[in-house]
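Pasting query36.txt here (compact mmCIF, C-alpha atoms):
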# COMPACT_ATOMS: atom_id res chain seq x y z
CA MET U 1 -143.11 95.38 109.54
CA ARG U 2 -140.43 98.02 110.15
CA LYS U 3 -141.65 101.52 109.43
CA GLU U 4 -139.27 103.81 111.31
CA ASN U 5 -137.29 106.50 109.52
CA ILE U 6 -138.50 105.67 106.05
CA SER U 7 -137.24 108.41 103.77
CA ASP U 8 -139.49 110.64 101.74
CA ALA U 9 -137.88 109.28 98.56
CA VAL U 10 -138.87 105.70 99.43
CA ILE U 11 -142.42 106.75 100.34
CA ARG U 12 -142.79 108.60 97.04
CA ARG U 13 -141.69 105.50 95.11
CA LEU U 14 -144.41 103.36 96.69
CA PRO U 15 -147.26 104.80 94.56
CA ARG U 16 -145.08 104.29 91.48
CA TYR U 17 -144.59 100.62 92.39
CA TYR U 18 -148.32 100.33 92.99
CA ARG U 19 -149.11 101.88 89.62
CA GLN U 20 -146.61 99.66 87.82
CA LEU U 21 -147.86 96.51 89.56
CA THR U 22 -151.46 97.42 88.73
CA ASP U 23 -150.41 97.74 85.11
CA LEU U 24 -148.62 94.35 85.26
CA CYS U 25 -151.74 92.74 86.80
CA ASN U 26 -153.88 94.19 84.02
CA ARG U 27 -151.44 92.73 81.48
CA GLY U 28 -151.79 89.31 83.11
CA VAL U 29 -148.22 89.12 84.43
CA VAL U 30 -148.13 86.66 87.36
CA ARG U 31 -144.60 87.09 88.68
CA ILE U 32 -141.69 89.40 88.10
CA SER U 33 -138.08 89.67 89.23
CA SER U 34 -136.74 92.82 90.85
CA HIS U 35 -134.49 93.09 87.79
CA SER U 36 -137.42 93.14 85.33
CA LEU U 37 -139.51 95.42 87.54
CA GLY U 38 -136.55 97.77 87.73
CA GLN U 39 -136.15 97.80 83.97
CA GLU U 40 -139.81 98.75 83.52
CA MET U 41 -139.45 101.58 86.02
CA ASN U 42 -135.90 102.75 85.35
CA ILE U 43 -134.84 101.86 88.90
CA THR U 44 -132.05 99.44 89.82
CA ALA U 45 -132.97 96.00 91.16
CA SER U 46 -130.97 96.66 94.33
CA GLN U 47 -132.88 99.90 94.92
CA ILE U 48 -136.15 97.99 94.67
CA ARG U 49 -135.00 95.29 97.10
CA GLN U 50 -133.76 97.97 99.47
CA ASP U 51 -137.06 99.90 99.29
CA PHE U 52 -139.15 96.80 99.93
CA SER U 53 -136.92 95.70 102.82
CA CYS U 54 -138.18 98.76 104.74
CA PHE U 55 -141.57 97.04 104.95
CA GLY U 56 -140.78 93.34 105.21
CA GLU U 57 -139.89 90.45 102.96
CA PHE U 58 -142.05 90.24 99.86
CA GLY U 59 -140.13 88.14 97.34
CA GLN U 60 -138.57 84.71 97.27
CA GLN U 61 -134.93 84.25 96.36
CA GLY U 62 -134.74 82.99 92.79
CA TYR U 63 -138.50 83.20 92.26
CA GLY U 64 -139.17 86.91 92.21
CA TYR U 65 -142.36 88.60 93.29
CA ASN U 66 -145.92 87.41 92.89
CA VAL U 67 -147.36 90.48 91.15
CA GLU U 68 -150.86 90.32 92.61
CA GLU U 69 -149.66 89.67 96.16
CA LEU U 70 -147.05 92.40 96.00
CA ARG U 71 -149.60 94.86 94.62
CA ALA U 72 -151.97 94.02 97.50
CA GLU U 73 -149.16 94.40 100.07
CA ILE U 74 -148.09 97.79 98.75
CA GLY U 75 -151.70 98.90 98.43
CA HIS U 76 -152.19 97.94 102.06
CA ILE U 77 -149.09 99.90 103.11
CA LEU U 78 -150.42 102.90 101.16
CA GLY U 79 -153.78 102.60 102.90
CA VAL U 80 -155.90 102.01 99.78
CA ASP U 81 -158.06 99.55 101.76
CA ASN U 82 -158.68 102.03 104.60
CA ASN U 83 -161.74 103.62 102.89
CA HIS U 84 -160.68 107.20 103.54
CA HIS U 85 -163.32 109.91 103.26
CA LEU U 86 -162.74 113.15 101.44
CA ILE U 87 -164.47 116.40 100.57
CA MET U 88 -163.52 119.00 97.98
CA ILE U 89 -163.57 122.74 98.56
CA GLY U 90 -163.74 124.76 95.36
CA VAL U 91 -165.68 123.52 92.32
CA GLY U 92 -164.19 125.68 89.56
CA ASN U 93 -162.61 124.24 86.42
CA LEU U 94 -159.98 122.27 88.31
CA GLY U 95 -162.43 120.98 90.91
CA HIS U 96 -164.80 119.93 88.14
CA ALA U 97 -161.99 118.21 86.25
CA LEU U 98 -160.98 116.19 89.32
CA LEU U 99 -164.55 115.25 90.26
CA GLN U 100 -165.36 114.15 86.74
CA ASN U 101 -162.15 112.42 85.74
CA PHE U 102 -160.02 111.45 88.72
CA PRO U 103 -160.69 107.88 89.94
CA PHE U 104 -160.71 108.63 93.69
CA SER U 105 -162.06 105.17 94.54
CA GLN U 106 -159.04 103.48 92.93
CA SER U 107 -156.90 105.21 95.56
CA GLY U 108 -159.29 104.12 98.31
CA PHE U 109 -161.10 107.43 98.75
CA THR U 110 -164.84 108.15 98.85
CA VAL U 111 -165.82 111.70 97.89
CA ASP U 112 -168.64 112.64 100.26
CA ALA U 113 -169.35 116.18 99.10
CA ALA U 114 -168.01 119.34 97.50
CA PHE U 115 -168.39 122.95 98.62
CA ASP U 116 -168.30 126.27 96.82
CA VAL U 117 -169.42 129.88 97.24
CA SER U 118 -170.81 130.25 93.71
CA PRO U 119 -174.62 130.07 93.31
CA ALA U 120 -173.96 128.69 89.82
CA VAL U 121 -172.68 125.37 91.22
CA ILE U 122 -174.33 125.15 94.67
CA GLY U 123 -177.09 122.56 94.51
CA THR U 124 -175.66 120.79 91.48
CA VAL U 125 -174.33 117.22 91.46
CA VAL U 126 -171.02 116.50 89.72
CA ASN U 127 -170.36 112.82 89.00
CA ASN U 128 -172.65 111.78 91.89
CA VAL U 129 -171.02 114.26 94.30
CA PRO U 130 -173.39 116.92 95.72
CA VAL U 131 -172.13 120.52 95.78
CA TYR U 132 -173.14 122.45 98.92
CA ALA U 133 -172.75 126.07 99.99
CA MET U 134 -169.63 126.90 102.02
CA SER U 135 -171.97 128.09 104.79
CA GLU U 136 -172.99 124.45 105.31
CA LEU U 137 -169.41 123.21 105.74
CA ASP U 138 -169.09 123.39 109.54
CA HIS U 139 -172.37 121.64 110.10
CA PHE U 140 -171.52 118.97 107.53
CA LEU U 141 -168.19 118.16 109.18
CA GLN U 142 -169.89 117.66 112.56
CA ASP U 143 -171.86 114.76 111.11
CA HIS U 144 -169.32 113.55 108.51
CA PRO U 145 -165.73 113.43 109.73
CA VAL U 146 -163.32 113.38 106.78
CA ASP U 147 -159.71 112.27 106.39
CA VAL U 148 -158.74 114.62 103.58
CA VAL U 149 -159.90 117.95 102.17
CA VAL U 150 -159.02 118.75 98.57
CA LEU U 151 -158.33 122.47 98.25
CA THR U 152 -159.05 123.83 94.76
CA ILE U 153 -159.75 127.39 95.87
CA PRO U 154 -158.10 130.74 95.11
CA GLN U 155 -154.77 131.46 96.81
CA SER U 156 -156.22 134.51 98.58
CA VAL U 157 -158.44 132.34 100.79
CA ALA U 158 -156.27 129.20 100.98
CA GLN U 159 -154.51 129.61 104.35
CA ASP U 160 -157.59 130.99 106.14
CA THR U 161 -159.71 128.12 104.83
CA ALA U 162 -157.08 125.56 105.84
CA SER U 163 -156.72 127.07 109.33
CA HIS U 164 -160.48 127.01 109.81
CA LEU U 165 -160.63 123.36 108.73
CA ILE U 166 -157.75 122.44 111.04
CA ASN U 167 -159.69 123.99 113.93
CA LEU U 168 -162.60 121.75 112.95
CA GLY U 169 -160.32 118.69 113.20
CA VAL U 170 -159.21 118.11 109.61
CA LYS U 171 -155.76 116.48 109.50
CA GLY U 172 -155.09 115.94 105.80
CA PHE U 173 -155.00 118.34 102.86
CA TRP U 174 -154.51 117.71 99.16
CA ASN U 175 -153.44 121.19 98.20
CA PHE U 176 -153.79 122.46 94.61
CA THR U 177 -153.56 126.16 95.50
CA ASN U 178 -149.84 126.39 94.70
CA ILE U 179 -149.05 128.14 97.96
CA GLU U 180 -147.38 126.55 100.96
CA LEU U 181 -149.88 125.99 103.75
CA SER U 182 -148.86 125.53 107.35
CA SER U 183 -150.22 124.43 110.69
CA GLN U 184 -149.02 124.69 114.28
CA LEU U 185 -150.13 121.09 114.76
CA PRO U 186 -147.51 118.45 113.95
CA ASP U 187 -149.99 115.78 112.86
CA VAL U 188 -151.58 117.78 110.04
CA GLN U 189 -150.42 116.56 106.62
CA PHE U 190 -150.22 118.75 103.53
CA GLU U 191 -149.66 117.12 100.16
CA ASN U 192 -149.09 119.73 97.49
CA ILE U 193 -149.53 119.51 93.74
CA HIS U 194 -147.04 122.09 92.49
CA PHE U 195 -147.72 122.40 88.77
CA ALA U 196 -144.96 125.00 88.40
CA ASP U 197 -142.29 122.72 89.92
CA SER U 198 -143.18 120.08 87.36
CA LEU U 199 -143.12 122.47 84.39
CA LEU U 200 -139.80 123.96 85.55
CA THR U 201 -138.30 120.48 85.81
CA LEU U 202 -139.31 119.95 82.18
CA SER U 203 -137.88 123.36 81.30
CA TYR U 204 -134.55 122.34 82.87
CA ARG U 205 -134.46 119.09 80.93
CA ILE U 206 -135.18 120.86 77.65
CA ALA U 207 -132.59 123.55 78.36
CA ASN U 208 -129.92 121.01 79.34
CA ARG U 209 -130.63 118.28 76.82
CA MET T 210 -120.65 125.20 85.47
CA ARG T 211 -120.56 121.44 86.05
CA LYS T 212 -123.71 119.71 84.91
CA GLU T 213 -122.79 116.07 84.45
CA ASN T 214 -124.57 113.32 86.32
CA ILE T 215 -126.85 115.58 88.30
CA SER T 216 -129.35 113.37 90.05
CA ASP T 217 -133.07 113.55 89.53
CA ALA T 218 -133.51 114.43 93.21
CA VAL T 219 -131.26 117.49 92.88
CA ILE T 220 -133.02 118.61 89.68
CA ARG T 221 -136.42 118.31 91.37
CA ARG T 222 -135.25 120.47 94.27
CA LEU T 223 -134.25 123.33 91.94
CA PRO T 224 -137.86 124.50 91.31
CA ARG T 225 -138.46 124.38 95.06
CA TYR T 226 -135.44 126.61 95.66
CA TYR T 227 -136.67 128.93 92.92
CA ARG T 228 -140.15 129.10 94.47
CA GLN T 229 -138.75 129.72 97.94
CA LEU T 230 -136.35 132.42 96.70
CA THR T 231 -139.15 134.12 94.77
CA ASP T 232 -141.16 134.17 97.99
CA LEU T 233 -138.17 135.61 99.90
CA CYS T 234 -137.71 138.31 97.21
CA ASN T 235 -141.38 139.22 97.50
CA ARG T 236 -140.96 139.50 101.27
CA GLY T 237 -138.04 141.90 100.79
CA VAL T 238 -135.36 139.54 102.13
CA VAL T 239 -131.97 140.60 100.73
CA ARG T 240 -129.68 137.81 101.88
CA ILE T 241 -130.03 134.45 103.55
CA SER T 242 -127.73 131.77 104.96
CA SER T 243 -127.96 128.17 103.81
CA HIS T 244 -129.00 127.39 107.39
CA SER T 245 -132.00 129.76 107.30
CA LEU T 246 -132.95 128.72 103.77
CA GLY T 247 -132.82 125.12 104.90
CA GLN T 248 -135.05 125.81 107.89
CA GLU T 249 -137.67 127.42 105.64
CA MET T 250 -137.60 124.43 103.31
CA ASN T 251 -137.04 121.58 105.76
CA ILE T 252 -133.71 120.70 104.08
CA THR T 253 -130.33 120.61 105.83
CA ALA T 254 -127.85 123.41 105.16
CA SER T 255 -125.26 120.90 103.97
CA GLN T 256 -127.76 119.44 101.46
CA ILE T 257 -128.35 122.92 100.07
CA ARG T 258 -124.61 123.66 99.74
CA GLN T 259 -124.10 120.26 98.11
CA ASP T 260 -126.98 120.84 95.64
CA PHE T 261 -125.70 124.27 94.64
CA SER T 262 -122.13 123.00 94.25
CA CYS T 263 -123.37 120.97 91.25
CA PHE T 264 -123.83 124.25 89.39
CA GLY T 265 -121.05 126.50 90.67
CA GLU T 266 -120.32 128.74 93.61
CA PHE T 267 -123.20 131.00 94.56
CA GLY T 268 -122.64 132.10 98.14
CA GLN T 269 -119.85 133.76 100.11
CA GLN T 270 -118.42 132.14 103.21
CA GLY T 271 -119.87 133.90 106.24
CA TYR T 272 -122.15 136.13 104.19
CA GLY T 273 -124.71 133.73 102.81
CA TYR T 274 -126.58 134.11 99.55
CA ASN T 275 -127.83 137.26 97.90
CA VAL T 276 -131.48 136.25 97.45
CA GLU T 277 -132.14 138.11 94.20
CA GLU T 278 -128.89 136.98 92.56
CA LEU T 279 -129.38 133.38 93.63
CA ARG T 280 -132.98 133.42 92.37
CA ALA T 281 -131.75 134.74 89.00
CA GLU T 282 -129.00 132.09 88.81
CA ILE T 283 -131.37 129.22 89.57
CA GLY T 284 -133.97 130.65 87.20
CA HIS T 285 -131.31 130.73 84.52
CA ILE T 286 -130.33 127.11 85.21
CA LEU T 287 -134.02 126.14 85.00
CA GLY T 288 -134.34 127.95 81.67
CA VAL T 289 -137.00 130.48 82.72
CA ASP T 290 -135.31 133.12 80.56
CA ASN T 291 -135.28 130.89 77.46
CA ASN T 292 -138.78 131.97 76.33
CA HIS T 293 -140.02 128.45 75.61
CA HIS T 294 -143.10 128.06 73.42
CA LEU T 295 -145.94 125.74 74.27
CA ILE T 296 -149.29 124.53 72.95
CA MET T 297 -152.04 122.67 74.76
CA ILE T 298 -153.95 119.72 73.35
CA GLY T 299 -157.28 119.14 75.04
CA VAL T 300 -159.39 122.03 76.32
CA GLY T 301 -161.74 120.21 78.71
CA ASN T 302 -162.11 121.15 82.36
CA LEU T 303 -158.46 120.57 83.20
CA GLY T 304 -157.20 122.35 80.07
CA HIS T 305 -159.48 125.29 80.84
CA ALA T 306 -158.29 125.39 84.45
CA LEU T 307 -154.64 125.51 83.38
CA LEU T 308 -155.18 128.12 80.67
CA GLN T 309 -157.16 130.35 82.98
CA ASN T 310 -155.22 129.99 86.21
CA PHE T 311 -151.71 128.67 85.66
CA PRO T 312 -149.11 131.45 85.27
CA PHE T 313 -147.17 129.93 82.35
CA SER T 314 -145.21 133.14 81.78
CA GLN T 315 -143.75 133.02 85.30
CA SER T 316 -142.10 129.74 84.31
CA GLY T 317 -140.83 131.29 81.07
CA PHE T 318 -143.43 129.77 78.75
CA THR T 319 -145.58 131.44 76.10
CA VAL T 320 -148.80 129.59 75.25
CA ASP T 321 -149.21 129.95 71.48
CA ALA T 322 -152.43 128.02 70.94
CA ALA T 323 -154.70 125.24 72.16
CA PHE T 324 -156.35 122.46 70.17
CA ASP T 325 -159.46 120.35 70.68
CA VAL T 326 -161.91 118.19 68.73
CA SER T 327 -165.04 119.66 70.32
CA PRO T 328 -167.01 122.20 68.22
CA ALA T 329 -168.08 123.76 71.53
CA VAL T 330 -164.58 125.13 72.17
CA ILE T 331 -163.03 125.39 68.67
CA GLY T 332 -162.90 129.04 67.70
CA THR T 333 -163.08 130.30 71.26
CA VAL T 334 -160.32 132.21 73.05
CA VAL T 335 -159.39 131.22 76.61
CA ASN T 336 -157.33 133.78 78.51
CA ASN T 337 -155.95 135.19 75.22
CA VAL T 338 -155.13 131.71 73.86
CA PRO T 339 -156.97 130.77 70.64
CA VAL T 340 -158.49 127.28 70.46
CA TYR T 341 -158.14 125.61 67.05
CA ALA T 342 -159.45 122.35 65.59
CA MET T 343 -157.17 119.32 65.89
CA SER T 344 -157.22 119.12 62.08
CA GLU T 345 -155.21 122.36 62.01
CA LEU T 346 -152.46 121.02 64.29
CA ASP T 347 -149.99 119.70 61.69
CA HIS T 348 -150.15 122.86 59.64
CA PHE T 349 -149.78 125.02 62.75
CA LEU T 350 -146.64 123.21 63.88
CA GLN T 351 -144.99 123.74 60.49
CA ASP T 352 -145.11 127.49 61.03
CA HIS T 353 -144.83 127.55 64.83
CA PRO T 354 -142.25 125.16 66.28
CA VAL T 355 -142.95 124.51 69.96
CA ASP T 356 -140.80 123.29 72.83
CA VAL T 357 -143.53 121.67 74.87
CA VAL T 358 -146.99 120.21 74.29
CA VAL T 359 -149.34 120.00 77.27
CA LEU T 360 -151.45 116.86 76.99
CA THR T 361 -154.84 117.17 78.70
CA ILE T 362 -156.62 114.61 76.54
CA PRO T 363 -158.33 111.27 77.28
CA GLN T 364 -156.07 108.29 77.97
CA SER T 365 -157.45 106.40 74.98
CA VAL T 366 -155.82 108.81 72.52
CA ALA T 367 -152.77 109.82 74.57
CA GLN T 368 -150.01 107.57 73.14
CA ASP T 369 -151.20 107.93 69.52
CA THR T 370 -151.32 111.70 69.85
CA ALA T 371 -147.87 111.79 71.48
CA SER T 372 -146.38 109.54 68.78
CA HIS T 373 -147.85 111.72 66.05
CA LEU T 374 -146.41 114.85 67.68
CA ILE T 375 -143.00 113.21 68.09
CA ASN T 376 -143.03 112.46 64.34
CA LEU T 377 -143.70 116.15 63.80
CA GLY T 378 -140.61 117.03 65.86
CA VAL T 379 -142.02 117.74 69.31
CA LYS T 380 -139.45 116.92 72.01
CA GLY T 381 -141.16 117.90 75.26
CA PHE T 382 -144.44 116.78 76.83
CA TRP T 383 -146.18 117.92 79.97
CA ASN T 384 -148.37 114.89 80.46
CA PHE T 385 -151.57 115.08 82.51
CA THR T 386 -153.14 111.91 81.05
CA ASN T 387 -151.99 109.73 83.97
CA ILE T 388 -150.58 107.07 81.64
CA GLU T 389 -146.89 106.49 80.95
CA LEU T 390 -145.99 107.68 77.48
CA SER T 391 -142.93 106.48 75.64
CA SER T 392 -140.79 107.27 72.64
CA GLN T 393 -138.10 105.43 70.72
CA LEU T 394 -136.16 108.69 70.59
CA PRO T 395 -133.83 109.32 73.54
CA ASP T 396 -134.09 113.10 73.43
CA VAL T 397 -137.87 113.28 73.95
CA GLN T 398 -138.76 114.40 77.47
CA PHE T 399 -141.95 113.43 79.28
CA GLU T 400 -142.85 115.18 82.50
CA ASN T 401 -145.84 113.57 84.13
CA ILE T 402 -148.30 114.97 86.62
CA HIS T 403 -149.46 111.85 88.46
CA PHE T 404 -152.33 112.99 90.64
CA ALA T 405 -152.82 109.47 91.99
CA ASP T 406 -149.20 109.18 93.19
CA SER T 407 -149.67 112.38 95.15
CA LEU T 408 -152.96 111.31 96.74
CA LEU T 409 -151.53 107.88 97.63
CA THR T 410 -148.54 109.54 99.31
CA LEU T 411 -151.02 111.49 101.42
CA SER T 412 -152.96 108.28 102.08
CA TYR T 413 -149.75 106.64 103.34
CA ARG T 414 -148.97 109.53 105.66
CA ILE T 415 -152.48 109.48 107.11
CA ALA T 416 -152.42 105.72 107.54
CA ASN T 417 -148.97 105.76 109.21
CA ARG T 418 -149.26 108.93 111.26

As structure tokens, please, write out the structure in this file.
Amino acid sequence: MRKENISDAVIRRLPRYYRQLTDLCNRGVVRISSHSLGQEMNITASQIRQDFSCFGEFGQQGYGYNVEELRAEIGHILGVDNNHHLIMIGVGNLGHALLQNFPFSQSGFTVDAAFDVSPAVIGTVVNNVPVYAMSELDHFLQDHPVDVVVLTIPQSVAQDTASHLINLGVKGFWNFTNIELSSQLPDVQFENIHFADSLLTLSYRIANR
Amino acid sequence: MRKENISDAVIRRLPRYYRQLTDLCNRGVVRISSHSLGQEMNITASQIRQDFSCFGEFGQQGYGYNVEELRAEIGHILGVDNNHHLIMIGVGNLGHALLQNFPFSQSGFTVDAAFDVSPAVIGTVVNNVPVYAMSELDHFLQDHPVDVVVLTIPQSVAQDTASHLINLGVKGFWNFTNIELSSQLPDVQFENIHFADSLLTLSYRIANR
């Protein structure tokens, strides 16, 4: 499996393929050509073949792809079978919404705990996830190493919180704070949900329709 | 200003430029070279010049870009000065989080109203936005045309609600339901926030670090 120099654009298409293939599985589709898959996703067939060739050979000439096998392969590449562990910091409206509605397990993540500073939520359990006080965070991480921390905290404390977590060994952040976080360490990953970028893209499309 | 055949990748970089330039303005930076801008954003200088050339000539050879002027130009291209109007459908945890914390006005949007089916929120006001019953929606739209509807509703009602709104003339959707919505009409725009795609991208980077 070749994995060198895979572009960001290819990597970001992988979850889309996975989502589409999951949908095809649920609809009972057994096999699909790159042409048909492309039509469903508004991507050219040659783009699909080129993307997949970064990771190996998945299809058979003239047969197409076995949907279930391809879904499993891409899921494996994405790490959905790695059983990653995750905690959330910040249980306000957004944190609550994610804990209650986002299917973390479908992406291969187990939510071990959530943390907040508010007495109103400390000690509660949201969708089977216990909410602890921030003062318990350091101790918790000693016993429960995590792969990803979800940051749903105010911007004013975002970088300090991230830096503290990086010192404690955290290497992955799912960042909802809408500010750019940084680390001196090259192996720390930040994945940002930038709501404003998305709304401005829509604004552009409306303005230039 | 040339605007034909601008790729999705270029369009999606525009909000990032706008965000970065806003940050530079706030830091008091007056001018910047494409090289320095690229370093801040992890984009090559030639990519930046190529992106901007889709929309006209913004910089001066050997001088760089005037940060405030460039920010205004890109904001204009994105439509932030168009005063778009928006309503939200679904005032659960996620809807609440967006109404309370997301700075819609900074992206050029005015939130006129929100709608829900729950008696617990109908009649309330969230961050100056009134919450009305879904039964009032059709009548409201007759008097208040909107550019964008934010969908923060359950998946089970997402497509039906979108189709109904499209029949009422709505052309833009900011879709948080995590399902693909579709329309027969070519000029209807869907912008999706796919939380799972983002988390799976992070999963990939952790698994392949």

Residue hits in chain U, query chain T, radius 6 Å, only C-alpha atoms, as a list in words:
Pro15, Leu78, Gly79, Asn93, Leu94, Ala97, Glu191, Asp197, Leu202, Ser203, Tyr204 and Ala207 of chain U

Written selection (C-alpha atoms) as a compact mmCIF listing (two decimals), in the frame of the given file:
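What follows is the written file out_31.txt:
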# COMPACT_ATOMS: atom_id res chain seq x y z
CA PRO U 15 -147.26 104.80 94.56
CA LEU U 78 -150.42 102.90 101.16
CA GLY U 79 -153.78 102.60 102.90
CA ASN U 93 -162.61 124.24 86.42
CA LEU U 94 -159.98 122.27 88.31
CA ALA U 97 -161.99 118.21 86.25
CA GLU U 191 -149.66 117.12 100.16
CA ASP U 197 -142.29 122.72 89.92
CA LEU U 202 -139.31 119.95 82.18
CA SER U 203 -137.88 123.36 81.30
CA TYR U 204 -134.55 122.34 82.87
CA ALA U 207 -132.59 123.55 78.36

For Ala367 in chain T, work out the shell of residues within 8 Å, counting only C-alpha atoms and skipping chain neighbours fewer than 6 positions away, then give it as a PDB file with C-alpha atoms, keeping the file's coordinate frame.
ATOM      1  CA  LEU T 360    -151.450 116.860  76.990  1.00  0.00           C
ATOM      2  CA  THR T 386    -153.140 111.910  81.050  1.00  0.00           C
ATOM      3  CA  ILE T 388    -150.580 107.070  81.640  1.00  0.00           C
ATOM      4  CA  LEU T 390    -145.990 107.680  77.480  1.00  0.00           C
TER       5      LEU T 390
END

The distance between CA of Ser33 in chain U and CA of Leu70 in chain U is 11.6 Å

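In this comparison, which uses only C-alpha atoms, the residue of T:Thr253, T:Gln259, T:Val326, T:Gly247 approaching Ser216 in chain T most closely is T:Gln259.
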
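Between Val300 in chain T and the residues T:Phe267, T:Phe324, T:Tyr274, T:Phe349, the shortest atom-to-atom distance, using only C-alpha atoms, involves T:Phe324.
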
Subset file: range 262-268 of chain T, all heavy atoms, as an mmCIF file, in the first residue's frame:
data_model
loop_
_atom_site.group_PDB
_atom_site.id
_atom_site.type_symbol
_atom_site.label_atom_id
_atom_site.label_comp_id
_atom_site.auth_asym_id
_atom_site.auth_seq_id
_atom_site.Cartn_x
_atom_site.Cartn_y
_atom_site.Cartn_z
ATOM 1 N N SER T 262 -5.601 35.558 -9.128
ATOM 2 C CA SER T 262 -5.694 35.965 -10.530
ATOM 3 C C SER T 262 -7.043 35.566 -11.134
ATOM 4 O O SER T 262 -7.442 36.094 -12.173
ATOM 5 C CB SER T 262 -4.552 35.348 -11.344
ATOM 6 O OG SER T 262 -4.767 33.961 -11.515
ATOM 7 N N CYS T 263 -7.763 34.641 -10.483
ATOM 8 C CA CYS T 263 -9.114 34.288 -10.954
ATOM 9 C C CYS T 263 -10.059 35.473 -10.824
ATOM 10 O O CYS T 263 -11.111 35.514 -11.469
ATOM 11 C CB CYS T 263 -9.693 33.135 -10.136
ATOM 12 S SG CYS T 263 -8.784 31.597 -10.244
ATOM 13 N N PHE T 264 -9.738 36.404 -9.946
ATOM 14 C CA PHE T 264 -10.688 37.475 -9.613
ATOM 15 C C PHE T 264 -10.194 38.864 -9.985
ATOM 16 O O PHE T 264 -10.894 39.841 -9.792
ATOM 17 C CB PHE T 264 -11.001 37.435 -8.111
ATOM 18 C CG PHE T 264 -11.562 36.126 -7.670
ATOM 19 C CD1 PHE T 264 -10.764 35.156 -7.098
ATOM 20 C CD2 PHE T 264 -12.909 35.839 -7.867
ATOM 21 C CE1 PHE T 264 -11.289 33.935 -6.720
ATOM 22 C CE2 PHE T 264 -13.438 34.626 -7.488
ATOM 23 C CZ PHE T 264 -12.618 33.667 -6.916
ATOM 24 N N GLY T 265 -8.949 38.965 -10.474
ATOM 25 C CA GLY T 265 -8.434 40.274 -10.845
ATOM 26 C C GLY T 265 -7.026 40.455 -10.342
ATOM 27 O O GLY T 265 -6.363 39.488 -9.966
ATOM 28 N N GLU T 266 -6.560 41.682 -10.358
ATOM 29 C CA GLU T 266 -5.203 41.965 -9.894
ATOM 30 C C GLU T 266 -5.277 42.718 -8.580
ATOM 31 O O GLU T 266 -5.800 43.820 -8.504
ATOM 32 C CB GLU T 266 -4.465 42.826 -10.939
ATOM 33 C CG GLU T 266 -4.160 42.088 -12.228
ATOM 34 C CD GLU T 266 -3.248 40.880 -12.015
ATOM 35 O OE1 GLU T 266 -2.339 40.965 -11.168
ATOM 36 O OE2 GLU T 266 -3.461 39.858 -12.692
ATOM 37 N N PHE T 267 -4.788 42.114 -7.520
ATOM 38 C CA PHE T 267 -4.908 42.740 -6.204
ATOM 39 C C PHE T 267 -3.610 43.342 -5.682
ATOM 40 O O PHE T 267 -3.628 44.295 -4.933
ATOM 41 C CB PHE T 267 -5.408 41.722 -5.173
ATOM 42 C CG PHE T 267 -6.782 41.218 -5.470
ATOM 43 C CD1 PHE T 267 -7.105 39.892 -5.247
ATOM 44 C CD2 PHE T 267 -7.752 42.059 -5.972
ATOM 45 C CE1 PHE T 267 -8.380 39.422 -5.506
ATOM 46 C CE2 PHE T 267 -9.027 41.597 -6.238
ATOM 47 C CZ PHE T 267 -9.342 40.275 -6.009
ATOM 48 N N GLY T 268 -2.481 42.752 -6.034
ATOM 49 C CA GLY T 268 -1.230 43.204 -5.435
ATOM 50 C C GLY T 268 -0.422 44.058 -6.387
ATOM 51 O O GLY T 268 -0.790 44.255 -7.542
#
